[in-house]
Protein chains: 2
Amino acid sequence: MKIICSKTSLLKGVNTVLKAVPSKTTMPILECILIDATLGKIKFTANDMELGIETTVDGSIQEKGIVALDAKIFSEIVRKLPENEVTIETDAKLNTTITCEKAKFNIPGQSGDDFTGLPAVEKNESITLTQFTLKEVIRQTIFSIAANENNKMMTGELFEVNGSLLKVVSLDGHRISIRKVELKENFGNIKVVVPGKTLTEVSKILSGETDDDVRIFFTTNHIVFEFEETIVVSRLIEGEYFRIDQMLSSDYETKITVNKRELLSCIDRATLLVKEGDKKPIIIHITDGSMELKINSQIGSMKEDIDIEKEGKDILIGFNPRFLMDALRVIDDETVDIYLVNPKAPCFIRDDKETYTYLILPVNFTA
Amino acid sequence: MKIICSKTSLLKGVNTVLKAVPSKTTMPILECILIDATLGKIKFTANDMELGIETTVDGSIQEKGIVALDAKIFSEIVRKLPENEVTIETDAKLNTTITCEKAKFNIPGQSGDDFTGLPAVEKNESITLTQFTLKEVIRQTIFSIAANENNKMMTGELFEVNGSLLKVVSLDGHRISIRKVELKENFGNIKVVVPGKTLTEVSKILSGETDDDVRIFFTTNHIVFEFEETIVVSRLIEGEYFRIDQMLSSDYETKITVNKRELLSCIDRATLLVKEGDKKPIIIHITDGSMELKINSQIGSMKEDIDIEKEGKDILIGFNPRFLMDALRVIDDETVDIYLVNPKAPCFIRDDKETYTYLILPVNFTA
C-alpha cells in the first residue's frame, strides 16, 4: 500500500475514528486504526465492538492495500508531523514507513484480516437533524445518565420518534431530563436506547454547524449516524426504557420566574462550602418576590436572597445543589420558570413549549 | 475587625499570598491567611516557615483588628463572589462574615496569636532587576534543578553577584544551566543558594513587565524579594554550591549553527517513540551541512535530516532527548550554536555573549 495525504486530512481522519478506539482491551487488534485503500477511497476505521467509526480521508492512492496500525502511535506521529504532504507506505511484511519532508518514521503494521469492520446495517428508517441540534440535544441531556453500570438502561438515553416529534430522555433515579425537537417530516414510531458513551463520542465529532446535517438510521440492534465523510455505528441497549409519563405532571402549587445566571452563580457560591462526597442540601425558601438560599456545613454557612416573580404558595424545600446546577448550566434562556408542588414532590424546570423539561427530586433536610 | 475591599483587590491579594500556603502540613495555622488591619493598612500574610509572603490590599478599615482565615475556603469564597465591594467583619469570637451584594458567608476565624509572621530581616545589600528579567532568568534555568531531595543543594539555584554581573546557575548531575545578567550598578560579592520552590512561586507572582522593578536583598540566611505591594522572604539553602568552573570549557572540535525551532520539532517528534521512563537516546550524526537525528525503540524507528552550518570535525553522539528539548525550549533566539568535543564530553549550547550556557552530558549508545 502507498498513499499520500496532507497532514491536515490525516489528522482529521485520525481524530475522528480515534473516538472508537478502546483505552483498555484484551484484543490488541482493537487498538488499531484500519487503513483501507483497496477500493479507490482511503478509509480509516476503528471499532471497539460497541461503537464503530469509519471516515473517508482525502488523498491519493499510489498503490492499493490495507494495513492496521497501532492507533496511539499512529495518531501521535501524525499530530507531530510538519504541515505538509505525508506518504504512508507498507512493505510485504507490513512494515510501515511514514514520511513527511525530511522526517521518516518506521512502525510495524498488522494485517487487516483480524480486524472487525463495521456491521452491515440495513438502513431503512432515518431522520435528519442539523449537527447543531443533535450536539445541543446531547449536551442538554447527557449529564443526567447514570455513571455506573448497575442499571445498564440508565447509562443510555431514550430516542423516541413519534410523528414529527423527536423526544430524547435521560434519567438517573434522582432526576429526569427531556428534550423535544420538531422534525421536518413525519415518521412512524421509533423507540431505542442509545449508549451514553456513543452520544458523548458522536457529540465530539459533530461540527456543531447549523448548515451541516446528520442522518440517523434506526434498526433493531443498531443506530447509525451519517454526516460528511463519516459513519458512526453503535449497538443499542436492549430492553424497554422506563415509563416516565406517570412521573410528569403539569399541576403545581408554586411557580417562580428567576434570572438563570443569578441563580446559578448563587448555588455555585454556596457549594464551595460542601466538600466532595458530602451531601449537604441547599435549602430554598420561596416567599413573595424573593427566594432565600441557605447552606450549612462543617466549613461554614452561606445565605443569599434572589429577586423572583412568584405565583402561588410559599414553600421551603431542599435540593442537591449539583442537580440544580447541572440543569441550569445547559439551559440557554436568560430566565427560567420553576414549578413546585410541595417539599416532597419533584420540581420541574421547563419552558412554555416544553422543548426542555428537567425534573429534580427534592431531598429531606432539618431546617 | 471590619474592612471593605473590592473583590478584585481581595482576589489579587489572596492569589499572591496563597503561593506560600503549604498544601500539606501538620500545623493547621499554616493553612491560614492572616488578615492584619491593626496598623492602618490591610496586610495579608501566609508563611510555610520556608517561604513567607506578605502583601498590602487596597481597601478601607472600618474597625481595626486581626484574624486568620482558612486559606482554601477564604480564597474560594473570594473567587466566587460577584464583582463588587466586599465587607469582611469578625465578631468577638472571631466568627467571620463575608458579605457581597446579597451573598453572606459565615466562616470561623482563628486568632492571629499563633501565626508566625515573616522573619525580620536586616536589609543591607540589594540588587534591582526588572520583573521581566527575573521571571525570564528563572524560566530559563529552573528546569534543570533536581526534583528529588537526595541532594538538597541541587534543588536550589545559585545566585552569584560579582561586581555588576549576576550569574544564576542550576544543575542536576546531568546538565548545567547558566544565565548571566548585567546589573546597572556595581555590588560586592554575593553567593547564595535559593530554593527552587521559592523561585517557582516568585515567578508566578511577578508581573513580568519590563517597567516594573523587583529589589532583591541578601542576608546570611534569607533572600527577600520586594516588588509593588508585596514582600517575599525565603530561607536559603545552607552550604557551599558546586564548583562548576572546571566543568566549563570554551574549547571545541565541532561547532554547528542550527534553526532552533526545526531542531526542537524534530526531537519532539522522535521522542514519541520513547515510552515514559524508557531511556532511549537520540543519536545525532553531524557531517558537513547536515545533522541526522535517529531514534530506535521497541515501538519503531525514526530518522530525520536537518540542514546546519558546521565548523570542525564530523561527530556521532547520543543524548537524552528531553535534556536537549528542555534547553532549546527556553532559548528565545531563532538559531542556536552548539559546541561539541567528542562523544564522551558534554556539549554546550551558548550564545556569543554567554548570556546563556547550557551544558548537557552525552549518553552512551550502541550504534
# chains A, B, ... in the order shown; residues from 1 in each chain; ligands from 1
>>> select_by_dssp(residues="segment 119-344 of chain B", states="alpha helix (DSSP H)", output="JSON, numbers by chain")
{"B": [131, 132, 133, 134, 135, 136, 137, 138, 139, 196, 197, 198, 199, 200, 201, 202, 203, 204, 205, 260, 261, 262, 263, 264, 265, 266, 267, 268, 269, 270, 271, 321, 322, 323, 324, 325, 326, 327, 328, 329, 330]}
>>> interface_residues(of="chain B", to="chain A", cutoff="6 Å", atoms="only C-alpha atoms", output="list in words")
Lys80, Lys102, Ala103, Lys104, Phe105, Asn106, Ile107, Arg269, Gly300, Ser301, Met302, Lys303, Glu304 and Asp305 of chain B
>>> write_last_selection(atoms="all heavy atoms", output="mmCIF file, in the first residue's frame")
data_model
loop_
_atom_site.group_PDB
_atom_site.id
_atom_site.type_symbol
_atom_site.label_atom_id
_atom_site.label_comp_id
_atom_site.auth_asym_id
_atom_site.auth_seq_id
_atom_site.Cartn_x
_atom_site.Cartn_y
_atom_site.Cartn_z
ATOM 1 N N LYS B 80 -15.437 33.330 44.041
ATOM 2 C CA LYS B 80 -16.798 33.161 43.521
ATOM 3 C C LYS B 80 -17.741 34.309 43.874
ATOM 4 O O LYS B 80 -18.927 34.253 43.524
ATOM 5 C CB LYS B 80 -17.377 31.838 44.052
ATOM 6 C CG LYS B 80 -16.599 30.649 43.507
ATOM 7 C CD LYS B 80 -17.426 29.426 43.284
ATOM 8 C CE LYS B 80 -16.643 28.413 42.451
ATOM 9 N NZ LYS B 80 -17.216 27.086 42.511
ATOM 10 N N LYS B 102 -25.979 40.527 47.845
ATOM 11 C CA LYS B 102 -26.897 39.842 48.754
ATOM 12 C C LYS B 102 -26.343 38.539 49.315
ATOM 13 O O LYS B 102 -27.009 37.832 50.052
ATOM 14 C CB LYS B 102 -28.214 39.548 48.022
ATOM 15 C CG LYS B 102 -29.022 40.794 47.732
ATOM 16 C CD LYS B 102 -30.292 40.403 47.012
ATOM 17 C CE LYS B 102 -31.208 41.590 46.815
ATOM 18 N NZ LYS B 102 -32.407 41.191 46.053
ATOM 19 N N ALA B 103 -25.091 38.205 48.932
ATOM 20 C CA ALA B 103 -24.499 36.962 49.425
ATOM 21 C C ALA B 103 -23.802 37.189 50.758
ATOM 22 O O ALA B 103 -23.105 38.186 50.942
ATOM 23 C CB ALA B 103 -23.509 36.416 48.406
ATOM 24 N N LYS B 104 -23.997 36.269 51.674
ATOM 25 C CA LYS B 104 -23.454 36.404 53.019
ATOM 26 C C LYS B 104 -22.871 35.074 53.459
ATOM 27 O O LYS B 104 -23.585 34.091 53.595
ATOM 28 C CB LYS B 104 -24.595 36.798 53.956
ATOM 29 C CG LYS B 104 -24.177 37.358 55.282
ATOM 30 C CD LYS B 104 -25.402 37.899 55.997
ATOM 31 C CE LYS B 104 -25.028 38.925 57.053
ATOM 32 N NZ LYS B 104 -26.220 39.679 57.487
ATOM 33 N N PHE B 105 -21.541 35.042 53.664
ATOM 34 C CA PHE B 105 -20.877 33.824 54.124
ATOM 35 C C PHE B 105 -20.492 33.959 55.587
ATOM 36 O O PHE B 105 -20.144 35.053 56.030
ATOM 37 C CB PHE B 105 -19.590 33.574 53.337
ATOM 38 C CG PHE B 105 -19.808 32.972 51.995
ATOM 39 C CD1 PHE B 105 -19.988 33.771 50.869
ATOM 40 C CD2 PHE B 105 -19.822 31.598 51.834
ATOM 41 C CE1 PHE B 105 -20.195 33.210 49.627
ATOM 42 C CE2 PHE B 105 -20.006 31.031 50.586
ATOM 43 C CZ PHE B 105 -20.201 31.842 49.476
ATOM 44 N N ASN B 106 -20.535 32.850 56.300
ATOM 45 C CA ASN B 106 -20.082 32.810 57.677
ATOM 46 C C ASN B 106 -19.057 31.711 57.841
ATOM 47 O O ASN B 106 -19.363 30.544 57.586
ATOM 48 C CB ASN B 106 -21.276 32.501 58.576
ATOM 49 C CG ASN B 106 -21.524 33.647 59.502
ATOM 50 O OD1 ASN B 106 -20.689 33.953 60.341
ATOM 51 N ND2 ASN B 106 -22.658 34.288 59.321
ATOM 52 N N ILE B 107 -17.838 32.053 58.215
ATOM 53 C CA ILE B 107 -16.834 31.012 58.477
ATOM 54 C C ILE B 107 -16.112 31.331 59.779
ATOM 55 O O ILE B 107 -16.015 32.491 60.179
ATOM 56 C CB ILE B 107 -15.804 30.871 57.325
ATOM 57 C CG1 ILE B 107 -15.131 32.212 57.009
ATOM 58 C CG2 ILE B 107 -16.447 30.303 56.070
ATOM 59 C CD1 ILE B 107 -13.956 32.103 56.048
ATOM 60 N N ARG B 269 9.274 15.121 17.804
ATOM 61 C CA ARG B 269 8.693 14.031 17.011
ATOM 62 C C ARG B 269 9.329 12.696 17.388
ATOM 63 O O ARG B 269 8.650 11.684 17.545
ATOM 64 C CB ARG B 269 8.967 14.270 15.521
ATOM 65 C CG ARG B 269 7.937 15.069 14.804
ATOM 66 C CD ARG B 269 8.109 14.951 13.298
ATOM 67 N NE ARG B 269 9.235 15.726 12.786
ATOM 68 C CZ ARG B 269 9.199 17.043 12.563
ATOM 69 N NH1 ARG B 269 8.116 17.734 12.840
ATOM 70 N NH2 ARG B 269 10.231 17.673 12.088
ATOM 71 N N GLY B 300 9.191 1.573 17.348
ATOM 72 C CA GLY B 300 9.502 1.789 15.945
ATOM 73 C C GLY B 300 10.780 2.596 15.828
ATOM 74 O O GLY B 300 11.527 2.725 16.799
ATOM 75 N N SER B 301 11.046 3.141 14.648
ATOM 76 C CA SER B 301 12.258 3.933 14.491
ATOM 77 C C SER B 301 11.937 5.210 13.743
ATOM 78 O O SER B 301 10.922 5.313 13.058
ATOM 79 C CB SER B 301 13.310 3.143 13.730
ATOM 80 O OG SER B 301 12.861 2.919 12.404
ATOM 81 N N MET B 302 12.811 6.214 13.893
ATOM 82 C CA MET B 302 12.594 7.485 13.256
ATOM 83 C C MET B 302 13.935 8.068 12.838
ATOM 84 O O MET B 302 14.943 7.871 13.529
ATOM 85 C CB MET B 302 11.911 8.418 14.258
ATOM 86 C CG MET B 302 11.446 9.729 13.676
ATOM 87 S SD MET B 302 12.711 10.994 13.828
ATOM 88 C CE MET B 302 11.748 12.436 13.458
ATOM 89 N N LYS B 303 13.952 8.750 11.706
ATOM 90 C CA LYS B 303 15.195 9.317 11.165
ATOM 91 C C LYS B 303 14.846 10.644 10.530
ATOM 92 O O LYS B 303 13.821 10.748 9.846
ATOM 93 C CB LYS B 303 15.757 8.360 10.109
ATOM 94 C CG LYS B 303 17.236 8.483 9.885
ATOM 95 C CD LYS B 303 17.740 7.389 8.970
ATOM 96 C CE LYS B 303 17.506 7.761 7.514
ATOM 97 N NZ LYS B 303 18.136 6.783 6.588
ATOM 98 N N GLU B 304 15.647 11.647 10.753
ATOM 99 C CA GLU B 304 15.390 12.937 10.096
ATOM 100 C C GLU B 304 16.682 13.703 9.896
ATOM 101 O O GLU B 304 17.587 13.662 10.722
ATOM 102 C CB GLU B 304 14.396 13.759 10.957
ATOM 103 C CG GLU B 304 13.967 15.054 10.298
ATOM 104 C CD GLU B 304 12.691 15.655 10.891
ATOM 105 O OE1 GLU B 304 12.011 15.001 11.701
ATOM 106 O OE2 GLU B 304 12.371 16.807 10.526
ATOM 107 N N ASP B 305 16.775 14.412 8.772
ATOM 108 C CA ASP B 305 17.936 15.254 8.472
ATOM 109 C C ASP B 305 17.592 16.716 8.678
ATOM 110 O O ASP B 305 16.499 17.146 8.316
ATOM 111 C CB ASP B 305 18.334 15.087 7.002
ATOM 112 C CG ASP B 305 19.089 13.799 6.768
ATOM 113 O OD1 ASP B 305 19.861 13.414 7.659
ATOM 114 O OD2 ASP B 305 18.874 13.178 5.703
#
>>> closest_residue(among="A:Asn189, A:Ser75, A:Thr254, A:Thr230", to="Gly163 of chain A", atoms="only C-alpha atoms")
A:Asn189
>>> residues_around(residues="segment 250-252 of chain B", least_positions_apart="3", cutoff="7 Å", atoms="only C-alpha atoms", output="VMD selection string")
chain B and resid 339 to 341
>>> write_last_selection(atoms="N, CA and C atoms", output="PDB file, in the first residue's frame")
ATOM      1  N   TYR B 339      28.284  23.528  20.616  1.00  0.00           N
ATOM      2  CA  TYR B 339      29.702  23.211  20.599  1.00  0.00           C
ATOM      3  C   TYR B 339      29.925  21.801  21.123  1.00  0.00           C
ATOM      4  N   LEU B 340      30.711  21.007  20.370  1.00  0.00           N
ATOM      5  CA  LEU B 340      30.961  19.635  20.793  1.00  0.00           C
ATOM      6  C   LEU B 340      32.442  19.321  20.776  1.00  0.00           C
ATOM      7  N   VAL B 341      32.871  18.363  21.608  1.00  0.00           N
ATOM      8  CA  VAL B 341      34.283  17.991  21.661  1.00  0.00           C
ATOM      9  C   VAL B 341      34.452  16.558  21.156  1.00  0.00           C
TER      10      VAL B 341
END
>>> residues_around(residues="Ala68 of chain B", least_positions_apart="5", cutoff="7 Å", atoms="only C-alpha atoms", output="list in words")
Cys32, Ile33, Leu34, Ile35, Gly109, Gln110, Ser111 and Gly112 of chain B
>>> closest_atom_pairs(of="segment 75-110 of chain B", to="segment 58-63 of chain B", cutoff="10 Å", atoms="only C-alpha atoms", output="CSV")
residue,atom,partner,partner_atom,distance
B:Glu85,CA,B:Gly59,CA,9.4
B:Val86,CA,B:Gly59,CA,9.5
B:Thr87,CA,B:Gln62,CA,9.6
B:Ile88,CA,B:Ile61,CA,9.8
B:Glu89,CA,B:Glu63,CA,8.6
B:Thr90,CA,B:Glu63,CA,9.7
>>> write_last_selection(atoms="N, CA and C atoms", output="CSV table (one decimal), in the first residue's frame")
chain,number,residue,atom,x,y,z
B,85,GLU,N,-18.1,45.4,45.9
B,85,GLU,CA,-17.5,45.7,47.2
B,85,GLU,C,-17.7,44.5,48.2
B,86,VAL,N,-16.7,44.1,48.9
B,86,VAL,CA,-16.8,43.0,49.9
B,86,VAL,C,-16.5,43.5,51.3
B,87,THR,N,-17.4,43.2,52.2
B,87,THR,CA,-17.2,43.5,53.6
B,87,THR,C,-16.8,42.3,54.4
B,88,ILE,N,-15.7,42.4,55.1
B,88,ILE,CA,-15.2,41.3,56.0
B,88,ILE,C,-15.3,41.7,57.4
B,89,GLU,N,-16.0,41.1,58.2
B,89,GLU,CA,-16.3,41.5,59.6
B,89,GLU,C,-16.2,40.3,60.6
B,90,THR,N,-15.5,40.6,61.7
B,90,THR,CA,-15.4,39.5,62.7
B,90,THR,C,-16.1,39.9,64.0
>>> atom_distance(atom1="atom CA of Ile360 of chain A", atom2="atom CA of Glu157 of chain A")
17.1 Å
>>> select_by_dssp(residues="segment 32-264 of chain B", states="strand (DSSP E)", output="NGL selection string")
:B and (32-37 or 42-47 or 51-57 or 60-63 or 65-70 or 85-90 or 95-100 or 103-108 or 126-130 or 156-171 or 175-195 or 213-218 or 222-227 or 230-235 or 254-259)
>>> atom_distance(atom1="atom CA of Ile237 of chain A", atom2="atom CA of Thr55 of chain A")
24.2 Å
>>> calpha_fit_rmsd(fixed="chain A", moving="chain B")
0.0 Å
>>> decode(residues="segment 271-283 of chain A", atoms="all heavy atoms", output="compact mmCIF listing (two decimals), in the first residue's frame")
# COMPACT_ATOMS: atom_id res chain seq x y z
N THR A 271 -22.01 26.05 47.06
CA THR A 271 -21.46 24.69 47.08
C THR A 271 -19.99 24.65 47.46
O THR A 271 -19.47 23.58 47.75
CB THR A 271 -21.62 24.00 45.72
OG1 THR A 271 -21.15 24.88 44.72
CG2 THR A 271 -23.06 23.64 45.47
N LEU A 272 -19.33 25.79 47.46
CA LEU A 272 -17.92 25.72 47.86
C LEU A 272 -17.79 25.39 49.33
O LEU A 272 -16.73 25.01 49.81
CB LEU A 272 -17.17 27.00 47.48
CG LEU A 272 -17.50 28.32 48.16
CD1 LEU A 272 -16.70 28.48 49.42
CD2 LEU A 272 -17.17 29.45 47.21
N LEU A 273 -18.89 25.50 50.07
CA LEU A 273 -18.86 25.09 51.47
C LEU A 273 -19.14 23.59 51.64
O LEU A 273 -19.14 23.08 52.75
CB LEU A 273 -19.90 25.90 52.27
CG LEU A 273 -19.65 27.41 52.36
CD1 LEU A 273 -20.76 28.09 53.14
CD2 LEU A 273 -18.31 27.70 53.04
N VAL A 274 -19.40 22.91 50.54
CA VAL A 274 -19.70 21.49 50.61
C VAL A 274 -18.51 20.69 50.09
O VAL A 274 -18.09 20.87 48.96
CB VAL A 274 -20.96 21.14 49.78
CG1 VAL A 274 -21.31 19.67 49.94
CG2 VAL A 274 -22.13 22.01 50.18
N LYS A 275 -17.97 19.83 50.94
CA LYS A 275 -16.84 19.01 50.50
C LYS A 275 -17.31 17.93 49.54
O LYS A 275 -18.42 17.41 49.67
CB LYS A 275 -16.17 18.33 51.71
CG LYS A 275 -15.24 19.26 52.44
CD LYS A 275 -14.39 18.47 53.44
CE LYS A 275 -13.83 19.40 54.51
NZ LYS A 275 -13.68 18.75 55.80
N GLU A 276 -16.46 17.59 48.61
CA GLU A 276 -16.69 16.47 47.67
C GLU A 276 -17.24 15.26 48.43
O GLU A 276 -16.69 14.86 49.44
CB GLU A 276 -15.35 16.11 47.02
CG GLU A 276 -15.44 15.24 45.79
CD GLU A 276 -15.79 16.07 44.55
OE1 GLU A 276 -15.41 17.27 44.49
OE2 GLU A 276 -16.45 15.53 43.67
N GLY A 277 -18.35 14.68 47.96
CA GLY A 277 -18.87 13.47 48.59
C GLY A 277 -19.86 13.76 49.71
O GLY A 277 -20.66 12.91 50.08
N ASP A 278 -19.79 14.95 50.27
CA ASP A 278 -20.72 15.35 51.32
C ASP A 278 -22.06 15.68 50.66
O ASP A 278 -22.10 16.21 49.56
CB ASP A 278 -20.16 16.59 52.02
CG ASP A 278 -20.79 16.83 53.37
OD1 ASP A 278 -21.74 16.12 53.71
OD2 ASP A 278 -20.32 17.73 54.08
N LYS A 279 -23.15 15.32 51.32
CA LYS A 279 -24.44 15.51 50.65
C LYS A 279 -25.30 16.60 51.29
O LYS A 279 -26.46 16.39 51.59
CB LYS A 279 -25.22 14.19 50.63
CG LYS A 279 -24.63 13.21 49.63
CD LYS A 279 -25.50 12.01 49.42
CE LYS A 279 -24.87 11.09 48.37
NZ LYS A 279 -25.50 9.77 48.38
N LYS A 280 -24.72 17.74 51.52
CA LYS A 280 -25.46 18.84 52.12
C LYS A 280 -26.46 19.42 51.13
O LYS A 280 -26.09 19.80 50.02
CB LYS A 280 -24.48 19.94 52.51
CG LYS A 280 -23.77 19.67 53.80
CD LYS A 280 -24.68 19.93 54.99
CE LYS A 280 -24.11 19.28 56.24
NZ LYS A 280 -25.12 19.17 57.29
N PRO A 281 -27.74 19.51 51.49
CA PRO A 281 -28.68 20.12 50.57
C PRO A 281 -28.60 21.66 50.62
O PRO A 281 -28.16 22.22 51.62
CB PRO A 281 -30.03 19.65 51.10
CG PRO A 281 -29.82 19.44 52.56
CD PRO A 281 -28.37 19.03 52.72
N ILE A 282 -29.04 22.28 49.56
CA ILE A 282 -29.25 23.72 49.60
C ILE A 282 -30.72 23.91 49.92
O ILE A 282 -31.58 23.23 49.36
CB ILE A 282 -28.81 24.40 48.28
CG1 ILE A 282 -28.86 25.92 48.44
CG2 ILE A 282 -29.67 23.97 47.08
CD1 ILE A 282 -27.99 26.65 47.42
N ILE A 283 -30.99 24.79 50.88
CA ILE A 283 -32.37 24.97 51.33
C ILE A 283 -32.92 26.26 50.75
O ILE A 283 -32.31 27.33 50.88
CB ILE A 283 -32.44 24.97 52.86
CG1 ILE A 283 -31.99 23.59 53.35
CG2 ILE A 283 -33.86 25.25 53.35
CD1 ILE A 283 -31.60 23.54 54.79
